[in-house]
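Undergrad: Structure file final27.pdb, PDB, C-alpha atoms, is pasted below:
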ATOM      1  CA  MET A   1     -68.690 -39.303   1.215  1.00  0.00           C
ATOM      2  CA  ILE A   2     -71.567 -37.084   2.294  1.00  0.00           C
ATOM      3  CA  ARG A   3     -70.824 -34.455   4.913  1.00  0.00           C
ATOM      4  CA  LYS A   4     -73.438 -33.097   7.164  1.00  0.00           C
ATOM      5  CA  PRO A   5     -73.818 -29.305   7.167  1.00  0.00           C
ATOM      6  CA  TRP A   6     -72.881 -29.021  10.843  1.00  0.00           C
ATOM      7  CA  HIS A   7     -69.494 -30.700  10.156  1.00  0.00           C
ATOM      8  CA  THR A   8     -68.694 -28.040   7.580  1.00  0.00           C
ATOM      9  CA  LEU A   9     -69.845 -25.285   9.924  1.00  0.00           C
ATOM     10  CA  LEU A  10     -67.716 -26.696  12.752  1.00  0.00           C
ATOM     11  CA  ILE A  11     -64.629 -26.845  10.508  1.00  0.00           C
ATOM     12  CA  LEU A  12     -65.206 -23.262   9.342  1.00  0.00           C
ATOM     13  CA  LEU A  13     -65.597 -22.036  12.917  1.00  0.00           C
ATOM     14  CA  LEU A  14     -62.382 -23.771  14.001  1.00  0.00           C
ATOM     15  CA  LEU A  15     -60.430 -22.364  11.063  1.00  0.00           C
ATOM     16  CA  SER A  16     -61.812 -18.897  11.771  1.00  0.00           C
ATOM     17  CA  ALA A  17     -60.796 -19.076  15.447  1.00  0.00           C
ATOM     18  CA  LEU A  18     -57.300 -20.290  14.599  1.00  0.00           C
ATOM     19  CA  SER A  19     -56.714 -17.632  11.969  1.00  0.00           C
ATOM     20  CA  ALA A  20     -57.977 -14.868  14.298  1.00  0.00           C
ATOM     21  CA  ASN A  21     -55.343 -15.822  16.897  1.00  0.00           C
ATOM     22  CA  CYS A  22     -52.587 -15.961  14.283  1.00  0.00           C
ATOM     23  CA  LEU A  23     -53.471 -12.546  12.853  1.00  0.00           C
ATOM     24  CA  GLN A  24     -53.339 -10.584  16.088  1.00  0.00           C
ATOM     25  CA  PRO A  25     -50.724  -7.859  15.727  1.00  0.00           C
ATOM     26  CA  GLU A  26     -47.708  -7.586  17.966  1.00  0.00           C
ATOM     27  CA  THR A  27     -47.687  -4.227  19.736  1.00  0.00           C
ATOM     28  CA  GLU A  28     -44.487  -2.875  21.237  1.00  0.00           C
ATOM     29  CA  LEU A  29     -45.352  -1.228  24.557  1.00  0.00           C
ATOM     30  CA  PRO A  30     -43.048   1.700  25.282  1.00  0.00           C
ATOM     31  CA  PHE A  31     -41.782   1.896  28.845  1.00  0.00           C
ATOM     32  CA  GLU A  32     -39.660   4.122  31.022  1.00  0.00           C
ATOM     33  CA  ILE A  33     -37.135   2.776  33.522  1.00  0.00           C
ATOM     34  CA  LEU A  34     -37.879   4.441  36.852  1.00  0.00           C
ATOM     35  CA  PHE A  35     -35.270   2.672  38.967  1.00  0.00           C
ATOM     36  CA  GLU A  36     -32.629  -0.059  38.734  1.00  0.00           C
ATOM     37  CA  SER A  37     -31.085  -1.571  41.830  1.00  0.00           C
ATOM     38  CA  LYS A  38     -27.920  -3.618  41.846  1.00  0.00           C
ATOM     39  CA  SER A  39     -28.209  -4.291  45.558  1.00  0.00           C
ATOM     40  CA  THR A  40     -30.814  -5.507  47.964  1.00  0.00           C
ATOM     41  CA  MET A  41     -33.916  -3.412  48.431  1.00  0.00           C
ATOM     42  CA  SER A  42     -33.858  -1.152  51.444  1.00  0.00           C
ATOM     43  CA  GLY A  43     -36.106  -2.969  53.883  1.00  0.00           C
ATOM     44  CA  GLY A  44     -37.470  -5.102  51.066  1.00  0.00           C
ATOM     45  CA  PRO A  45     -38.215  -8.797  50.911  1.00  0.00           C
ATOM     46  CA  PRO A  46     -35.447 -11.165  49.812  1.00  0.00           C
ATOM     47  CA  ILE A  47     -37.123 -12.590  46.699  1.00  0.00           C
ATOM     48  CA  PRO A  48     -35.350 -15.942  46.122  1.00  0.00           C
ATOM     49  CA  GLU A  49     -36.211 -16.607  42.453  1.00  0.00           C
ATOM     50  CA  PRO A  50     -36.585 -14.437  39.335  1.00  0.00           C
ATOM     51  CA  THR A  51     -40.123 -13.083  39.196  1.00  0.00           C
ATOM     52  CA  PHE A  52     -42.063  -9.879  38.657  1.00  0.00           C
ATOM     53  CA  ARG A  53     -44.989  -7.902  40.001  1.00  0.00           C
ATOM     54  CA  VAL A  54     -47.505  -5.785  38.107  1.00  0.00           C
ATOM     55  CA  ILE A  55     -48.694  -2.772  40.094  1.00  0.00           C
ATOM     56  CA  THR A  56     -51.890  -1.067  38.934  1.00  0.00           C
ATOM     57  CA  ALA A  57     -52.800   1.028  41.983  1.00  0.00           C
ATOM     58  CA  ASP A  58     -51.050   3.174  44.544  1.00  0.00           C
ATOM     59  CA  SER A  59     -52.371   0.918  47.326  1.00  0.00           C
ATOM     60  CA  GLN A  60     -50.369  -2.044  45.920  1.00  0.00           C
ATOM     61  CA  ILE A  61     -46.972  -0.356  46.280  1.00  0.00           C
ATOM     62  CA  GLU A  62     -46.690  -1.183  49.982  1.00  0.00           C
ATOM     63  CA  SER A  63     -47.098  -4.898  49.150  1.00  0.00           C
ATOM     64  CA  LEU A  64     -43.701  -4.822  47.422  1.00  0.00           C
ATOM     65  CA  GLY A  65     -42.096  -4.547  50.848  1.00  0.00           C
ATOM     66  CA  PHE A  66     -39.842  -1.567  50.249  1.00  0.00           C
ATOM     67  CA  GLY A  67     -42.013   1.291  51.415  1.00  0.00           C
ATOM     68  CA  HIS A  68     -43.223   4.001  49.061  1.00  0.00           C
ATOM     69  CA  PRO A  69     -40.190   5.143  47.039  1.00  0.00           C
ATOM     70  CA  SER A  70     -40.070   8.698  45.705  1.00  0.00           C
ATOM     71  CA  TYR A  71     -40.001   7.552  42.055  1.00  0.00           C
ATOM     72  CA  LEU A  72     -43.503   6.057  42.537  1.00  0.00           C
ATOM     73  CA  LYS A  73     -44.858   8.886  44.696  1.00  0.00           C
ATOM     74  CA  ASP A  74     -46.712  10.914  42.049  1.00  0.00           C
ATOM     75  CA  LEU A  75     -47.380   8.178  39.496  1.00  0.00           C
ATOM     76  CA  ASP A  76     -50.758   8.485  37.749  1.00  0.00           C
ATOM     77  CA  PHE A  77     -52.190   4.954  37.858  1.00  0.00           C
ATOM     78  CA  GLU A  78     -55.128   6.049  35.699  1.00  0.00           C
ATOM     79  CA  ARG A  79     -52.656   6.418  32.806  1.00  0.00           C
ATOM     80  CA  HIS A  80     -49.835   4.034  33.768  1.00  0.00           C
ATOM     81  CA  PHE A  81     -49.005   0.781  35.467  1.00  0.00           C
ATOM     82  CA  VAL A  82     -45.689  -0.436  36.865  1.00  0.00           C
ATOM     83  CA  ILE A  83     -43.758  -3.653  36.391  1.00  0.00           C
ATOM     84  CA  VAL A  84     -41.114  -4.595  38.954  1.00  0.00           C
ATOM     85  CA  ALA A  85     -38.706  -7.283  37.711  1.00  0.00           C
ATOM     86  CA  PHE A  86     -36.785  -9.174  40.412  1.00  0.00           C
ATOM     87  CA  HIS A  87     -33.518 -11.003  39.654  1.00  0.00           C
ATOM     88  CA  GLY A  88     -33.699 -13.263  42.712  1.00  0.00           C
ATOM     89  CA  LEU A  89     -31.234 -13.587  45.584  1.00  0.00           C
ATOM     90  CA  ARG A  90     -27.505 -13.666  44.839  1.00  0.00           C
ATOM     91  CA  ASN A  91     -24.649 -14.188  47.284  1.00  0.00           C
ATOM     92  CA  THR A  92     -22.499 -11.345  45.999  1.00  0.00           C
ATOM     93  CA  SER A  93     -23.083  -7.881  44.596  1.00  0.00           C
ATOM     94  CA  GLY A  94     -22.595  -7.087  40.916  1.00  0.00           C
ATOM     95  CA  TYR A  95     -25.702  -8.760  39.554  1.00  0.00           C
ATOM     96  CA  TYR A  96     -28.330  -6.789  37.667  1.00  0.00           C
ATOM     97  CA  ILE A  97     -31.623  -7.192  35.826  1.00  0.00           C
ATOM     98  CA  GLN A  98     -32.923  -4.982  33.010  1.00  0.00           C
ATOM     99  CA  VAL A  99     -36.259  -4.901  31.222  1.00  0.00           C
ATOM    100  CA  THR A 100     -35.409  -4.741  27.509  1.00  0.00           C
ATOM    101  CA  ARG A 101     -38.756  -5.153  25.757  1.00  0.00           C
ATOM    102  CA  ILE A 102     -42.483  -5.335  26.464  1.00  0.00           C
ATOM    103  CA  ILE A 103     -44.851  -6.557  23.756  1.00  0.00           C
ATOM    104  CA  GLN A 104     -48.562  -7.357  23.684  1.00  0.00           C
ATOM    105  CA  VAL A 105     -50.246  -9.863  21.403  1.00  0.00           C
ATOM    106  CA  GLY A 106     -53.939 -10.121  22.150  1.00  0.00           C
ATOM    107  CA  SER A 107     -54.326 -10.832  25.852  1.00  0.00           C
ATOM    108  CA  VAL A 108     -50.669 -11.790  26.414  1.00  0.00           C
ATOM    109  CA  VAL A 109     -48.054  -9.260  27.528  1.00  0.00           C
ATOM    110  CA  THR A 110     -44.463 -10.517  27.294  1.00  0.00           C
ATOM    111  CA  VAL A 111     -41.848  -8.803  29.471  1.00  0.00           C
ATOM    112  CA  THR A 112     -38.328  -9.587  28.220  1.00  0.00           C
ATOM    113  CA  VAL A 113     -35.441  -9.168  30.641  1.00  0.00           C
ATOM    114  CA  VAL A 114     -31.696  -9.615  30.684  1.00  0.00           C
ATOM    115  CA  ARG A 115     -29.985 -10.723  33.865  1.00  0.00           C
ATOM    116  CA  GLY A 116     -26.269 -10.409  34.199  1.00  0.00           C
ATOM    117  CA  PHE A 117     -23.182  -9.777  36.255  1.00  0.00           C
ATOM    118  CA  SER A 118     -20.905  -6.748  36.177  1.00  0.00           C
ATOM    119  CA  THR A 119     -17.417  -6.988  37.674  1.00  0.00           C
ATOM    120  CA  GLU A 120     -17.519  -3.194  38.006  1.00  0.00           C
ATOM    121  CA  HIS A 121     -20.081  -3.523  40.818  1.00  0.00           C
ATOM    122  CA  ALA A 122     -18.894  -6.868  42.162  1.00  0.00           C
ATOM    123  CA  GLY A 123     -18.374  -7.418  45.864  1.00  0.00           C
ATOM    124  CA  ARG A 124     -18.133 -10.330  48.224  1.00  0.00           C
ATOM    125  CA  ASP A 125     -20.139 -11.756  51.083  1.00  0.00           C
ATOM    126  CA  LYS A 126     -23.134  -9.552  50.489  1.00  0.00           C
ATOM    127  CA  VAL A 127     -26.518 -11.036  49.703  1.00  0.00           C
ATOM    128  CA  VAL A 128     -28.281  -8.947  47.071  1.00  0.00           C
ATOM    129  CA  ALA A 129     -31.663  -8.977  45.338  1.00  0.00           C
ATOM    130  CA  PRO A 130     -31.406  -6.760  42.230  1.00  0.00           C
ATOM    131  CA  TYR A 131     -34.590  -5.358  40.713  1.00  0.00           C
ATOM    132  CA  CYS A 132     -35.776  -3.011  37.967  1.00  0.00           C
ATOM    133  CA  VAL A 133     -38.896  -0.807  38.023  1.00  0.00           C
ATOM    134  CA  VAL A 134     -40.519   0.327  34.758  1.00  0.00           C
ATOM    135  CA  LYS A 135     -43.558   2.466  33.988  1.00  0.00           C
ATOM    136  CA  VAL A 136     -45.856   1.524  31.072  1.00  0.00           C
ATOM    137  CA  ASN A 137     -48.374   3.897  29.502  1.00  0.00           C
ATOM    138  CA  LYS A 138     -51.806   2.235  29.254  1.00  0.00           C
ATOM    139  CA  SER A 139     -52.757   4.264  26.174  1.00  0.00           C
ATOM    140  CA  SER A 140     -50.290   2.255  24.065  1.00  0.00           C
ATOM    141  CA  MET A 141     -52.116  -0.998  24.848  1.00  0.00           C
ATOM    142  CA  PRO A 142     -54.442  -2.387  22.177  1.00  0.00           C
ATOM    143  CA  ARG A 143     -56.377  -4.301  24.842  1.00  0.00           C
ATOM    144  CA  ARG A 144     -56.904  -4.033  28.597  1.00  0.00           C
ATOM    145  CA  GLY A 145     -58.779  -6.083  31.146  1.00  0.00           C
ATOM    146  CA  GLU A 146     -57.609  -9.513  32.242  1.00  0.00           C
ATOM    147  CA  LEU A 147     -54.203 -10.146  30.679  1.00  0.00           C
ATOM    148  CA  GLU A 148     -51.577 -12.834  31.022  1.00  0.00           C
ATOM    149  CA  PHE A 149     -48.125 -11.417  31.754  1.00  0.00           C
ATOM    150  CA  VAL A 150     -45.166 -13.635  30.837  1.00  0.00           C
ATOM    151  CA  PHE A 151     -41.674 -12.869  32.146  1.00  0.00           C
ATOM    152  CA  VAL A 152     -39.000 -14.226  29.762  1.00  0.00           C
ATOM    153  CA  GLU A 153     -35.257 -14.244  29.240  1.00  0.00           C
ATOM    154  CA  GLY A 154     -33.629 -15.704  26.149  1.00  0.00           C
ATOM    155  CA  GLY A 155     -36.871 -17.415  25.115  1.00  0.00           C
ATOM    156  CA  GLN A 156     -37.211 -19.162  28.509  1.00  0.00           C
ATOM    157  CA  THR A 157     -40.263 -18.402  30.646  1.00  0.00           C
ATOM    158  CA  LEU A 158     -39.199 -17.377  34.148  1.00  0.00           C
ATOM    159  CA  ALA A 159     -42.663 -16.598  35.559  1.00  0.00           C
ATOM    160  CA  ARG A 160     -46.224 -15.838  34.502  1.00  0.00           C
ATOM    161  CA  GLN A 161     -49.275 -14.311  36.121  1.00  0.00           C
ATOM    162  CA  THR A 162     -52.718 -13.021  35.261  1.00  0.00           C
ATOM    163  CA  GLN A 163     -53.387  -9.381  36.023  1.00  0.00           C
ATOM    164  CA  VAL A 164     -56.286  -7.026  35.362  1.00  0.00           C
ATOM    165  CA  ILE A 165     -55.253  -3.736  33.752  1.00  0.00           C
ATOM    166  CA  PRO A 166     -58.168  -1.316  34.188  1.00  0.00           C
TER     167      PRO A 166
END
As structure tokens, please, write out the structure in this file.

TA:
Amino acid sequence: MIRKPWHTLLILLLLSALSANCLQPETELPFEILFESKSTMSGGPPIPEPTFRVITADSQIESLGFGHPSYLKDLDFERHFVIVAFHGLRNTSGYYIQVTRIIQVGSVVTVTVVRGFSTEHAGRDKVVAPYCVVKVNKSSMPRRGELEFVFVEGGQTLARQTQVIP
């Protein structure tokens, strides 16, 4: 069987592209927890399902619906960005959400969370919307620009969005 040179070139290009994606290193992005809420946000929106928001500018804070909290007041958005993880609405207090890991592989940033229930903070007949706010240092990122953020728990994707990190 005689192969044409362009077939060989095409196969080499495909193999090169596949191996480049497989060889991208996994980078652990350090983060700092700024705030964890086990109750509904003061004046905030009742977010019904687990989701998250990536905040890259001071002007975006108001869009979260809970004012301009003091822990975000002096944040340097040139050096950091913020991820707010929402648990979703619950019909009793005691629920929580925690960001446990943030990793970047190429243009994908995976935010791992744990959602749970604590009898210590349990109550009745109170609708709550727990959330967690973390700060991520941009200098630890191997790549910026348009990135896909994936919000996961136990290997299950809860939400995803594309965000530009300047």

Undergrad: How close does segment 49-97 of chain A get to segment 132-143 of chain A? List, as a tab-separated table, each residue of segment 49-97 of chain A within 9 Å, its nearest atom pair and the distance in Å to one decimal, counting only C-alpha atoms.

TA:
residue	atom	partner	partner_atom	distance
A:Leu75	CA	A:Lys135	CA	8.8
A:Glu78	CA	A:Lys138	CA	8.2
A:Arg79	CA	A:Lys138	CA	5.6
A:His80	CA	A:Asn137	CA	4.5
A:Phe81	CA	A:Val136	CA	5.5
A:Val82	CA	A:Lys135	CA	4.6
A:Ile83	CA	A:Val134	CA	5.4
A:Val84	CA	A:Val133	CA	4.5
A:Ala85	CA	A:Cys132	CA	5.2
A:Phe86	CA	A:Cys132	CA	6.7
A:His87	CA	A:Cys132	CA	8.5
A:Tyr96	CA	A:Cys132	CA	8.4
A:Ile97	CA	A:Cys132	CA	6.3

Undergrad: For Gly154 of chain A, please output as a ChimeraX atom specification all residues within 12 Å (counting all atoms listed in the file; exclusion window: fewer than 6 positions along the same chain).

TA: /A:100-101,111-115

Undergrad: Output C-alpha atoms for every residue in that selection, as a PDB file, keeping the file's coordinate frame.

TA:
ATOM      1  CA  THR A 100     -35.409  -4.741  27.509  1.00  0.00           C
ATOM      2  CA  ARG A 101     -38.756  -5.153  25.757  1.00  0.00           C
ATOM      3  CA  VAL A 111     -41.848  -8.803  29.471  1.00  0.00           C
ATOM      4  CA  THR A 112     -38.328  -9.587  28.220  1.00  0.00           C
ATOM      5  CA  VAL A 113     -35.441  -9.168  30.641  1.00  0.00           C
ATOM      6  CA  VAL A 114     -31.696  -9.615  30.684  1.00  0.00           C
ATOM      7  CA  ARG A 115     -29.985 -10.723  33.865  1.00  0.00           C
TER       8      ARG A 115
END

Undergrad: Applied to this file, what does the PyMOL selection byres ((chain A and resi 128) around 7) return in terms of residues, put as a compact mmCIF listing (two decimals) with C-alpha atoms, in the coordinates of the input?

TA:
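This went into out-v8.txt:
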# COMPACT_ATOMS: atom_id res chain seq x y z
CA SER A 39 -28.21 -4.29 45.56
CA THR A 40 -30.81 -5.51 47.96
CA LEU A 89 -31.23 -13.59 45.58
CA ARG A 90 -27.50 -13.67 44.84
CA ASN A 91 -24.65 -14.19 47.28
CA THR A 92 -22.50 -11.34 46.00
CA SER A 93 -23.08 -7.88 44.60
CA LYS A 126 -23.13 -9.55 50.49
CA VAL A 127 -26.52 -11.04 49.70
CA ALA A 129 -31.66 -8.98 45.34
CA PRO A 130 -31.41 -6.76 42.23

Undergrad: To one decimal in Å, tell me the separation between atom CA of Glu28 of chain A and atom CA of Thr56 of chain A.

TA: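 Interatomic distance here is 19.3 Å.
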
Undergrad: As a check of understanding, name the residues that the PyMOL selection byres ((chain A and resi 50) around 8) selects in the supplied structure, as a list of chain:residue names.

TA: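 Residues picked by the PyMOL selection byres ((chain A and resi 50) around 8): A:Ile47, A:Pro48, A:Glu49, A:Thr51, A:Phe52, A:Ala85, A:Phe86, A:His87, A:Gly88, A:Leu158, A:Ala159.
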
Undergrad: Write to file, as a PDB file, in the frame of the given file, the residues of the selection just made, with C-alpha atoms.

TA:
ATOM      1  CA  ILE A  47     -37.123 -12.590  46.699  1.00  0.00           C
ATOM      2  CA  PRO A  48     -35.350 -15.942  46.122  1.00  0.00           C
ATOM      3  CA  GLU A  49     -36.211 -16.607  42.453  1.00  0.00           C
ATOM      4  CA  THR A  51     -40.123 -13.083  39.196  1.00  0.00           C
ATOM      5  CA  PHE A  52     -42.063  -9.879  38.657  1.00  0.00           C
ATOM      6  CA  ALA A  85     -38.706  -7.283  37.711  1.00  0.00           C
ATOM      7  CA  PHE A  86     -36.785  -9.174  40.412  1.00  0.00           C
ATOM      8  CA  HIS A  87     -33.518 -11.003  39.654  1.00  0.00           C
ATOM      9  CA  GLY A  88     -33.699 -13.263  42.712  1.00  0.00           C
ATOM     10  CA  LEU A 158     -39.199 -17.377  34.148  1.00  0.00           C
ATOM     11  CA  ALA A 159     -42.663 -16.598  35.559  1.00  0.00           C
TER      12      ALA A 159
END

Undergrad: Go ahead and compute the interatomic distance for atom CA of Leu147 of chain A and atom CA of Ser107 of chain A, in Å to one decimal.

TA: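 The value is 4.9 Å.
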
Undergrad: Run through the PyMOL selection byres ((chain A and resi 73) around 12) on the given coordinates and return the selected residues as a list in words.

TA: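 This file, filtered by the PyMOL selection byres ((chain A and resi 73) around 12), leaves Leu34, Ala57, Asp58, Ser59, Ile61, Glu62, Gly67, His68, Pro69, Ser70, Tyr71, Leu72, Asp74, Leu75, Asp76 and Phe77 of chain A.
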
Undergrad: One decimal, Å: what's the distance from atom CA of Val164 of chain A over to atom CA of Leu64 of chain A, could you say?

TA: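 Result for atom CA of Val164 of chain A versus atom CA of Leu64 of chain A: 17.6 Å, one decimal.
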
Undergrad: So which residues are close to (-45.6, -13.4, 26.6), meaning at most 6 Å away in the file's coordinates with only C-alpha atoms counted, and can you show them as a VMD selection string?

TA: chain A and resid 108 to 110 150

Undergrad: Tell me which of A:Arg53, A:Glu148, A:Ile33, A:Glu120 sits closest to Val105 of chain A, counting all atoms listed in the file.

TA: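 Residue with the minimum atom-to-atom distance to Val105 of chain A: A:Glu148.
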
Undergrad: Between A:Gln98, A:Leu23, A:Thr119, A:Gly106, which has the minimum distance to Val152 of chain A (counting only C-alpha atoms)?

TA: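 Among the listed residues, the smallest separation from Val152 of chain A belongs to A:Gln98.
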